[in-house]
>>> print(open('query.csv').read())   # CSV, C-alpha atoms
chain,number,residue,atom,x,y,z
A,24,MET,CA,74.1,-70.5,-19.7
A,25,LEU,CA,71.8,-71.3,-22.6
A,26,SER,CA,68.9,-73.7,-22.2
A,27,LYS,CA,67.8,-76.2,-24.9
A,28,LYS,CA,64.8,-74.0,-25.6
A,29,GLU,CA,67.0,-70.9,-26.0
A,30,ARG,CA,69.4,-72.7,-28.3
A,31,GLU,CA,66.4,-73.8,-30.5
A,32,LEU,CA,65.0,-70.2,-30.5
A,33,ILE,CA,68.4,-68.8,-31.5
A,34,SER,CA,68.9,-71.3,-34.2
A,35,GLU,CA,65.4,-70.7,-35.6
A,36,ILE,CA,65.9,-66.9,-35.6
A,37,TRP,CA,69.2,-67.0,-37.4
A,38,GLY,CA,67.9,-69.6,-39.8
A,39,ARG,CA,65.2,-67.1,-40.8
A,40,LEU,CA,67.6,-64.2,-41.2
A,41,THR,CA,70.2,-66.0,-43.3
A,42,PRO,CA,68.5,-65.0,-46.6
A,43,VAL,CA,68.7,-61.3,-45.6
A,44,ALA,CA,72.2,-61.6,-44.1
A,45,GLU,CA,73.7,-58.7,-45.9
A,46,ASP,CA,70.8,-56.3,-45.0
A,47,ILE,CA,70.9,-57.3,-41.3
A,48,GLY,CA,74.7,-57.2,-41.2
A,49,ALA,CA,75.1,-53.9,-43.1
A,50,GLU,CA,72.5,-52.3,-40.9
A,51,ALA,CA,74.1,-53.5,-37.6
A,52,LEU,CA,77.5,-52.1,-38.8
A,53,LEU,CA,76.0,-48.8,-39.8
A,54,ARG,CA,74.3,-48.4,-36.5
A,55,MET,CA,77.6,-49.2,-34.7
A,56,PHE,CA,79.5,-46.6,-36.8
A,57,ALA,CA,76.8,-44.0,-36.0
A,58,SER,CA,76.7,-44.7,-32.3
A,59,PHE,CA,80.3,-45.5,-31.7
A,60,PRO,CA,82.5,-43.6,-34.2
A,61,GLY,CA,85.7,-45.1,-32.8
A,62,THR,CA,84.7,-48.4,-34.4
A,63,LYS,CA,85.2,-46.9,-37.8
A,64,THR,CA,89.0,-46.9,-37.3
A,65,TYR,CA,89.0,-50.6,-38.2
A,66,PHE,CA,87.4,-49.9,-41.6
A,67,SER,CA,89.6,-47.1,-42.9
A,68,HIS,CA,90.5,-49.2,-45.9
A,69,LEU,CA,86.9,-49.8,-46.9
A,70,ASP,CA,84.0,-47.8,-48.2
A,71,ILE,CA,81.5,-48.1,-45.4
A,72,SER,CA,78.9,-45.6,-46.7
A,73,PHE,CA,75.2,-46.6,-46.7
A,74,ARG,CA,74.7,-49.9,-48.5
A,75,SER,CA,78.1,-49.7,-50.2
A,76,ALA,CA,79.4,-53.0,-51.8
A,77,HIS,CA,82.0,-53.3,-49.0
A,78,LEU,CA,79.5,-52.7,-46.2
A,79,LEU,CA,77.0,-55.3,-47.6
A,80,SER,CA,79.6,-57.9,-48.2
A,81,HIS,CA,81.2,-57.4,-44.8
A,82,GLY,CA,77.8,-57.4,-43.1
A,83,LYS,CA,76.9,-60.6,-44.9
A,84,LYS,CA,80.1,-62.3,-43.8
A,85,ILE,CA,79.5,-61.5,-40.1
A,86,VAL,CA,75.9,-62.5,-40.1
A,87,LEU,CA,76.6,-65.8,-41.8
A,88,ALA,CA,79.3,-66.6,-39.3
A,89,ILE,CA,76.9,-65.8,-36.4
A,90,ALA,CA,74.2,-68.0,-38.1
A,91,GLU,CA,76.7,-70.8,-38.6
A,92,GLY,CA,77.6,-70.8,-35.0
A,93,ALA,CA,73.9,-70.8,-34.0
A,94,LYS,CA,73.4,-74.2,-35.7
A,95,ASP,CA,75.3,-76.0,-32.9
A,96,ILE,CA,76.2,-73.7,-30.1
A,97,SER,CA,77.9,-76.5,-28.2
A,98,GLN,CA,80.5,-76.6,-31.0
A,99,LEU,CA,81.3,-72.8,-31.1
A,100,THR,CA,85.0,-73.3,-30.3
A,101,VAL,CA,85.4,-75.7,-33.2
A,102,THR,CA,83.2,-73.7,-35.6
A,103,LEU,CA,85.0,-70.4,-34.8
A,104,ALA,CA,88.6,-71.7,-34.8
A,105,PRO,CA,89.6,-70.1,-38.1
A,106,LEU,CA,87.9,-66.8,-37.1
A,107,GLN,CA,89.6,-66.9,-33.7
A,108,THR,CA,93.0,-67.0,-35.4
A,109,LEU,CA,92.0,-64.3,-37.9
A,110,HIS,CA,90.9,-61.9,-35.1
A,111,ALA,CA,93.8,-62.6,-32.8
A,112,TYR,CA,96.7,-62.4,-35.2
A,113,GLN,CA,95.5,-60.3,-38.1
A,114,LEU,CA,92.5,-58.1,-37.3
A,115,ARG,CA,93.3,-57.6,-33.6
A,116,ILE,CA,90.0,-55.8,-33.0
A,117,ASP,CA,89.8,-54.8,-29.3
A,118,PRO,CA,87.2,-57.1,-27.8
A,119,THR,CA,85.3,-54.2,-26.2
A,120,ASN,CA,84.1,-53.6,-29.8
A,121,PHE,CA,82.3,-57.0,-29.9
A,122,LYS,CA,80.0,-55.7,-27.2
A,123,LEU,CA,79.3,-52.6,-29.2
A,124,PHE,CA,78.5,-54.6,-32.3
A,125,SER,CA,76.3,-57.1,-30.4
A,126,HIS,CA,74.3,-54.2,-29.0
A,127,CYS,CA,73.7,-52.8,-32.4
A,128,MET,CA,72.8,-56.2,-33.7
A,129,LEU,CA,70.2,-56.5,-31.0
A,130,VAL,CA,68.8,-53.1,-32.0
A,131,THR,CA,68.7,-54.2,-35.6
A,132,LEU,CA,66.8,-57.4,-34.6
A,133,ALA,CA,64.4,-55.3,-32.6
A,134,CYS,CA,63.7,-52.9,-35.5
A,135,HIS,CA,63.1,-55.9,-37.8
A,136,MET,CA,61.2,-58.2,-35.5
A,137,GLY,CA,59.2,-55.6,-33.5
A,138,GLU,CA,57.0,-57.4,-30.9
A,139,ASP,CA,58.5,-60.7,-31.9
A,140,PHE,CA,61.8,-59.7,-30.4
A,141,THR,CA,60.4,-60.7,-27.0
A,142,PRO,CA,62.3,-60.2,-23.7
A,143,THR,CA,62.9,-64.0,-23.8
A,144,ALA,CA,64.3,-63.9,-27.3
A,145,HIS,CA,66.4,-60.8,-26.4
A,146,ALA,CA,67.9,-62.6,-23.4
A,147,ALA,CA,68.7,-65.7,-25.4
A,148,MET,CA,70.3,-63.6,-28.2
A,149,ASP,CA,72.3,-61.4,-25.8
A,150,LYS,CA,73.7,-64.5,-24.2
A,151,TYR,CA,74.5,-66.2,-27.5
A,152,LEU,CA,76.3,-63.1,-28.9
A,153,SER,CA,78.2,-62.7,-25.6
A,154,ALA,CA,79.3,-66.3,-25.8
A,155,PHE,CA,80.2,-65.9,-29.5
A,156,ALA,CA,82.4,-62.8,-28.7
A,157,ALA,CA,84.1,-64.6,-25.8
A,158,VAL,CA,85.1,-67.5,-28.1
A,159,LEU,CA,86.2,-65.1,-30.8
A,160,ALA,CA,88.6,-63.5,-28.4
A,161,GLU,CA,90.0,-66.7,-26.9
A,162,LYS,CA,93.3,-66.7,-28.9
A,163,TYR,CA,94.1,-63.0,-28.2
A,164,ARG,CA,96.4,-63.9,-25.3
B,8,THR,CA,84.2,-32.7,-10.2
B,9,ARG,CA,84.1,-30.5,-13.2
B,10,ALA,CA,80.9,-30.8,-15.2
B,11,VAL,CA,81.3,-31.8,-18.8
B,12,VAL,CA,78.4,-29.9,-20.5
B,13,VAL,CA,76.8,-32.1,-23.1
B,14,GLU,CA,76.2,-30.1,-26.3
B,15,TRP,CA,73.2,-30.7,-28.6
B,16,THR,CA,72.7,-29.8,-32.2
B,17,VAL,CA,69.3,-28.5,-33.4
B,18,LYS,CA,68.8,-31.9,-35.1
B,19,GLU,CA,69.5,-33.8,-31.9
B,20,ARG,CA,67.1,-31.7,-29.8
B,21,SER,CA,64.5,-32.3,-32.4
B,22,ILE,CA,65.0,-36.0,-32.4
B,23,ILE,CA,64.8,-36.2,-28.6
B,24,SER,CA,61.7,-34.0,-28.5
B,25,SER,CA,60.0,-36.1,-31.2
B,26,ILE,CA,60.7,-39.4,-29.4
B,27,PHE,CA,59.4,-38.2,-26.1
B,28,SER,CA,56.3,-36.4,-27.4
B,29,ASN,CA,55.3,-39.5,-29.3
B,30,LEU,CA,56.2,-41.9,-26.4
B,31,ASP,CA,53.4,-44.1,-24.9
B,32,TYR,CA,54.7,-44.1,-21.3
B,33,GLU,CA,52.1,-46.5,-20.1
B,34,ASP,CA,53.3,-49.1,-22.7
B,35,VAL,CA,57.0,-48.4,-23.0
B,36,GLY,CA,57.7,-47.9,-19.3
B,37,PRO,CA,56.5,-51.3,-18.2
B,38,LYS,CA,58.1,-53.0,-21.2
B,39,ALA,CA,61.5,-51.5,-20.6
B,40,LEU,CA,61.6,-52.4,-16.9
B,41,CYS,CA,60.3,-55.9,-17.5
B,42,ARG,CA,62.8,-56.5,-20.2
B,43,CYS,CA,65.6,-55.4,-17.9
B,44,LEU,CA,64.5,-57.8,-15.1
B,45,ILE,CA,64.2,-60.6,-17.7
B,46,VAL,CA,67.4,-60.1,-19.7
B,47,TYR,CA,69.5,-59.1,-16.6
B,48,PRO,CA,67.9,-61.1,-13.8
B,49,TRP,CA,70.3,-59.9,-11.1
B,50,THR,CA,68.6,-56.5,-11.4
B,51,GLN,CA,65.6,-58.1,-9.6
B,52,ARG,CA,67.6,-57.7,-6.4
B,53,HIS,CA,66.0,-54.3,-6.0
B,54,PHE,CA,62.4,-55.6,-6.4
B,55,SER,CA,62.1,-58.3,-3.7
B,56,THR,CA,59.0,-56.5,-2.2
B,57,PHE,CA,57.2,-56.2,-5.6
B,58,GLY,CA,55.6,-59.6,-5.6
B,59,ASN,CA,56.0,-62.6,-8.0
B,60,LEU,CA,59.0,-62.3,-10.3
B,61,TYR,CA,59.3,-66.0,-10.8
B,62,ASP,CA,59.5,-66.1,-14.6
B,63,ALA,CA,59.1,-63.9,-17.6
B,64,GLU,CA,55.3,-64.2,-17.6
B,65,ALA,CA,55.0,-63.4,-13.9
B,66,ILE,CA,57.2,-60.3,-14.4
B,67,LYS,CA,55.2,-59.1,-17.5
B,68,THR,CA,51.9,-59.4,-15.6
B,69,ASN,CA,53.1,-57.9,-12.3
B,70,ALA,CA,51.1,-54.7,-11.7
B,71,ASN,CA,53.7,-53.3,-9.3
B,72,ILE,CA,56.5,-53.6,-11.8
B,73,ALA,CA,54.3,-52.0,-14.5
B,74,ALA,CA,53.5,-49.0,-12.3
B,75,HIS,CA,57.2,-48.7,-11.4
B,76,GLY,CA,58.2,-48.8,-15.1
B,77,ILE,CA,56.0,-45.9,-15.9
B,78,LYS,CA,57.4,-43.9,-12.9
B,79,VAL,CA,61.0,-44.6,-14.0
B,80,LEU,CA,60.3,-43.6,-17.6
B,81,HIS,CA,58.8,-40.3,-16.5
B,82,GLY,CA,62.1,-39.8,-14.6
B,83,LEU,CA,63.6,-39.1,-18.0
B,84,ASP,CA,61.3,-36.1,-18.5
B,85,LEU,CA,63.6,-34.1,-16.2
B,86,ALA,CA,66.4,-34.5,-18.8
B,87,VAL,CA,64.1,-33.7,-21.7
B,88,LYS,CA,63.2,-30.4,-20.0
B,89,ASN,CA,66.8,-29.6,-18.9
B,90,MET,CA,68.9,-30.8,-21.8
B,91,ASP,CA,71.5,-28.1,-21.2
B,92,ASN,CA,71.9,-28.9,-17.5
B,93,ILE,CA,71.2,-32.6,-17.1
B,94,LYS,CA,73.8,-33.1,-14.3
B,95,GLU,CA,72.3,-30.4,-12.1
B,96,ALA,CA,68.8,-31.6,-12.8
B,97,TYR,CA,69.5,-35.1,-11.4
B,98,THR,CA,71.4,-34.2,-8.2
B,99,LYS,CA,68.5,-35.2,-6.0
B,100,LEU,CA,67.7,-38.4,-7.9
B,101,SER,CA,71.3,-39.4,-7.9
B,102,THR,CA,71.6,-39.0,-4.2
B,103,LEU,CA,68.4,-41.0,-3.8
B,104,HIS,CA,69.7,-43.9,-5.9
B,105,SER,CA,73.0,-43.9,-4.1
B,106,GLU,CA,72.1,-43.3,-0.5
B,107,LYS,CA,68.6,-44.7,-0.1
B,108,LEU,CA,68.1,-47.2,-2.9
B,109,HIS,CA,71.7,-48.5,-3.1
B,110,VAL,CA,71.6,-49.2,-6.8
B,111,ASP,CA,74.8,-50.0,-8.6
B,112,PRO,CA,75.2,-47.3,-11.3
B,113,ASP,CA,76.1,-50.1,-13.8
B,114,ASN,CA,72.4,-51.1,-13.6
B,115,PHE,CA,71.4,-47.8,-15.2
B,116,LYS,CA,73.2,-48.7,-18.3
B,117,LEU,CA,71.4,-52.1,-18.5
B,118,LEU,CA,68.0,-50.4,-18.1
B,119,VAL,CA,68.7,-47.8,-20.8
B,120,ASP,CA,69.9,-50.5,-23.2
B,121,CYS,CA,66.6,-52.3,-22.7
B,122,LEU,CA,64.7,-49.0,-23.2
B,123,THR,CA,66.6,-48.5,-26.5
B,124,ILE,CA,65.5,-52.0,-27.6
B,125,VAL,CA,61.9,-51.4,-26.7
B,126,VAL,CA,61.8,-48.0,-28.5
B,127,ALA,CA,63.6,-49.6,-31.5
B,128,ALA,CA,60.9,-52.4,-31.7
B,129,LYS,CA,58.1,-49.8,-31.6
B,130,MET,CA,59.7,-47.4,-34.1
B,131,GLY,CA,60.9,-50.1,-36.5
B,132,SER,CA,62.6,-48.6,-39.6
B,133,ASP,CA,62.0,-45.1,-38.2
B,134,PHE,CA,64.6,-45.8,-35.6
B,135,LYS,CA,67.4,-45.0,-38.0
B,136,PRO,CA,71.1,-45.2,-37.0
B,137,ASP,CA,71.3,-41.4,-36.3
B,138,VAL,CA,68.2,-41.5,-34.2
B,139,GLN,CA,69.6,-44.4,-32.3
B,140,ALA,CA,72.9,-42.6,-31.8
B,141,THR,CA,71.1,-39.4,-30.5
B,142,PHE,CA,68.8,-41.4,-28.2
B,143,GLN,CA,71.8,-43.2,-26.8
B,144,LYS,CA,73.8,-40.0,-26.3
B,145,PHE,CA,70.8,-38.6,-24.4
B,146,LEU,CA,70.4,-41.7,-22.2
B,147,ALA,CA,74.2,-41.8,-21.6
B,148,ALA,CA,74.0,-38.2,-20.3
B,149,VAL,CA,71.2,-39.2,-17.9
B,150,VAL,CA,73.1,-42.3,-16.7
B,151,SER,CA,76.2,-40.2,-16.1
B,152,ALA,CA,74.2,-37.6,-14.1
B,153,LEU,CA,72.6,-40.3,-12.0
B,154,GLY,CA,76.0,-41.6,-11.1
B,155,LYS,CA,77.4,-38.3,-10.1
B,156,GLN,CA,76.4,-38.2,-6.4
B,157,TYR,CA,77.9,-41.6,-5.6
B,158,HIS,CA,80.9,-41.6,-3.3
>>> encode(input="query.csv", output="structure tokens")
Amino acid sequence: MLSKKERELISEIWGRLTPVAEDIGAEALLRMFASFPGTKTYFSHLDISFRSAHLLSHGKKIVLAIAEGAKDISQLTVTLAPLQTLHAYQLRIDPTNFKLFSHCMLVTLACHMGEDFTPTAHAAMDKYLSAFAAVLAEKYR
Amino acid sequence: TRAVVVEWTVKERSIISSIFSNLDYEDVGPKALCRCLIVYPWTQRHFSTFGNLYDAEAIKTNANIAAHGIKVLHGLDLAVKNMDNIKEAYTKLSTLHSEKLHVDPDNFKLLVDCLTIVVAAKMGSDFKPDVQATFQKFLAAVVSALGKQYH
């Protein structure tokens, strides 16, 4: 459950990160590929080397979707409807991977925000990313 | 159960050695434990005798929690010194956590994830993807060893 304060904090953080969406997104993906090599199997058709055009563009897409959802968390199911369909019928990424990506996104945020990534911000962000992943997987079955 | 020996490259040993020789235990230990209790509040179930855990501020200023965080972090030293035999090294601690403390082994994963975040925040851009991967591999080996004596 996300409190009003947490929603505001999440919205504020993602608002600040939108201008560097591709850097944050690419880094989170790279971390995931390094820590969890099995996740690379979903990207065999792309060049996912350090700061490749594919990696940057893909990272940007993901972060912008997360940032968009953060603007009004109560409307996640509406905002993510097209992405739900994409993931369920086309991408079919095993939802366990969403947890792996979320963890690497939290690590990326910690590296960039340092002390500002307080336990309270971490808790709120972890809850938001979990909710985001759950909504994303809703149409799977 | 057959032990799966974790193998380490020279680079991985060097990464782990470097992280731990530069680690400020008095700072990171309390931060990691506090973060776990705040981000995963159900883990507080093992700390009912530690005093006020009412909110994030109370947890962060709780001296008992801070002391315990340092102790827990030093618990990793055993693995740093016995990287080629982590499972054996943690037999006693595993039995302790299972039979005396009754800690659900899933909680170990939560704590090490919080430790990873704290170390990442401190190291910033030095916590590169390969450093993160190695640190996580190390922590996963400890978590596995700690769960071995549960039955």
>>> residues_around(input="query.csv", residues="B:Ile124", least_positions_apart="3", cutoff="8 Å", atoms="only C-alpha atoms", output="ChimeraX atom specification")
/A:129-130,133 /B:120-121,127-128
>>> residues_around(input="query.csv", residues="A:Lys162", least_positions_apart="4", cutoff="7 Å", atoms="all atoms listed in the file", output="list in words")
Gln107, Thr108 and Ala111 of chain A
>>> residues_around(input="query.csv", residues="stretch 56-63 of chain A", least_positions_apart="3", cutoff="8 Å", atoms="all atoms listed in the file", output="list in words")
Leu52, Leu53, Phe66, Ser67, Asn120 and Leu123 of chain A; Pro136, Asp137, Gln139, Ala140, Thr141 and Gln143 of chain B
>>> atom_distance(input="query.csv", atom1="atom CA of B:Lys155", atom2="atom CA of B:Ser101")
6.6 Å
>>> residues_around(input="query.csv", residues="A:Glu29", least_positions_apart="4", cutoff="7 Å", atoms="all atoms listed in the file", output="list in words")
Leu25, Ile33 and Ala147 of chain A
>>> closest_atom_pairs(input="query.csv", of="chain A", to="chain B", cutoff="9 Å", atoms="only C-alpha atoms", output="tab-separated table")
residue	atom	partner	partner_atom	distance
A:Glu50	CA	B:Pro136	CA	8.2
A:Ala51	CA	B:Pro136	CA	8.8
A:Leu53	CA	B:Pro136	CA	6.7
A:Arg54	CA	B:Pro136	CA	4.6
A:Met55	CA	B:Pro136	CA	8.0
A:Phe56	CA	B:Pro136	CA	8.5
A:Ala57	CA	B:Ala140	CA	5.9
A:Ser58	CA	B:Ala140	CA	4.4
A:Phe59	CA	B:Ala140	CA	7.9
A:His126	CA	B:Asp120	CA	8.2
A:Leu129	CA	B:Ile124	CA	7.3
A:Val130	CA	B:Ile124	CA	5.6
A:Thr131	CA	B:Ala127	CA	8.0
A:Leu132	CA	B:Ala128	CA	8.3
A:Ala133	CA	B:Ala128	CA	4.6
A:Cys134	CA	B:Gly131	CA	4.1
A:His135	CA	B:Gly131	CA	6.3
A:Met136	CA	B:Ala128	CA	6.9
A:Gly137	CA	B:Ala128	CA	4.0
A:Glu138	CA	B:Ala128	CA	6.4
A:Asp139	CA	B:Ala128	CA	8.6
A:Phe140	CA	B:Ala128	CA	7.5
A:Thr141	CA	B:Arg42	CA	8.3
A:Pro142	CA	B:Arg42	CA	5.1
A:Thr143	CA	B:Ile45	CA	7.1
A:His145	CA	B:Val46	CA	6.8
A:Ala146	CA	B:Val46	CA	4.5
A:Ala147	CA	B:Val46	CA	8.1
A:Asp149	CA	B:Val46	CA	7.9
A:Lys150	CA	B:Val46	CA	8.9
>>> atom_distance(input="query.csv", atom1="atom CA of A:Glu45", atom2="atom CA of A:Gly82")
5.1 Å
>>> closest_residue(input="query.csv", among="B:Val119, B:Met90, B:Phe57, B:Pro37", to="B:Thr16", atoms="all atoms listed in the file")
B:Met90
>>> residues_near_point(input="query.csv", point="(70.2, -69.7, -44.0)", cutoff="12 Å", atoms="only C-alpha atoms", output="ChimeraX atom specification")
/A:34-45,83,86-94
>>> atom_distance(input="query.csv", atom1="atom CA of B:Leu40", atom2="atom CA of B:Ala73")
7.7 Å
>>> closest_residue(input="query.csv", among="B:Phe54, B:Leu85, B:Phe145, B:Trp49", to="B:Ile22", atoms="all atoms listed in the file")
B:Phe145
>>> residues_near_point(input="query.csv", point="(96.0, -59.4, -36.3)", cutoff="12 Å", atoms="only C-alpha atoms", output="list in words")
Tyr65, Leu106, Gln107, Thr108, Leu109, His110, Ala111, Tyr112, Gln113, Leu114, Arg115, Ile116, Asp117, Ala160, Lys162, Tyr163 and Arg164 of chain A
>>> residues_around(input="query.csv", residues="stretch 27-31 of chain B", least_positions_apart="5", cutoff="10 Å", atoms="all atoms listed in the file", output="list in words")
Ile22, Gly36, Ile77, Leu80, His81, Leu83, Asp84, Val87, Val126 and Lys129 of chain B
>>> closest_residue(input="query.csv", among="A:Ile47, A:Ile96, A:Met148, A:Leu32", to="A:Leu78", atoms="all atoms listed in the file")
A:Ile47
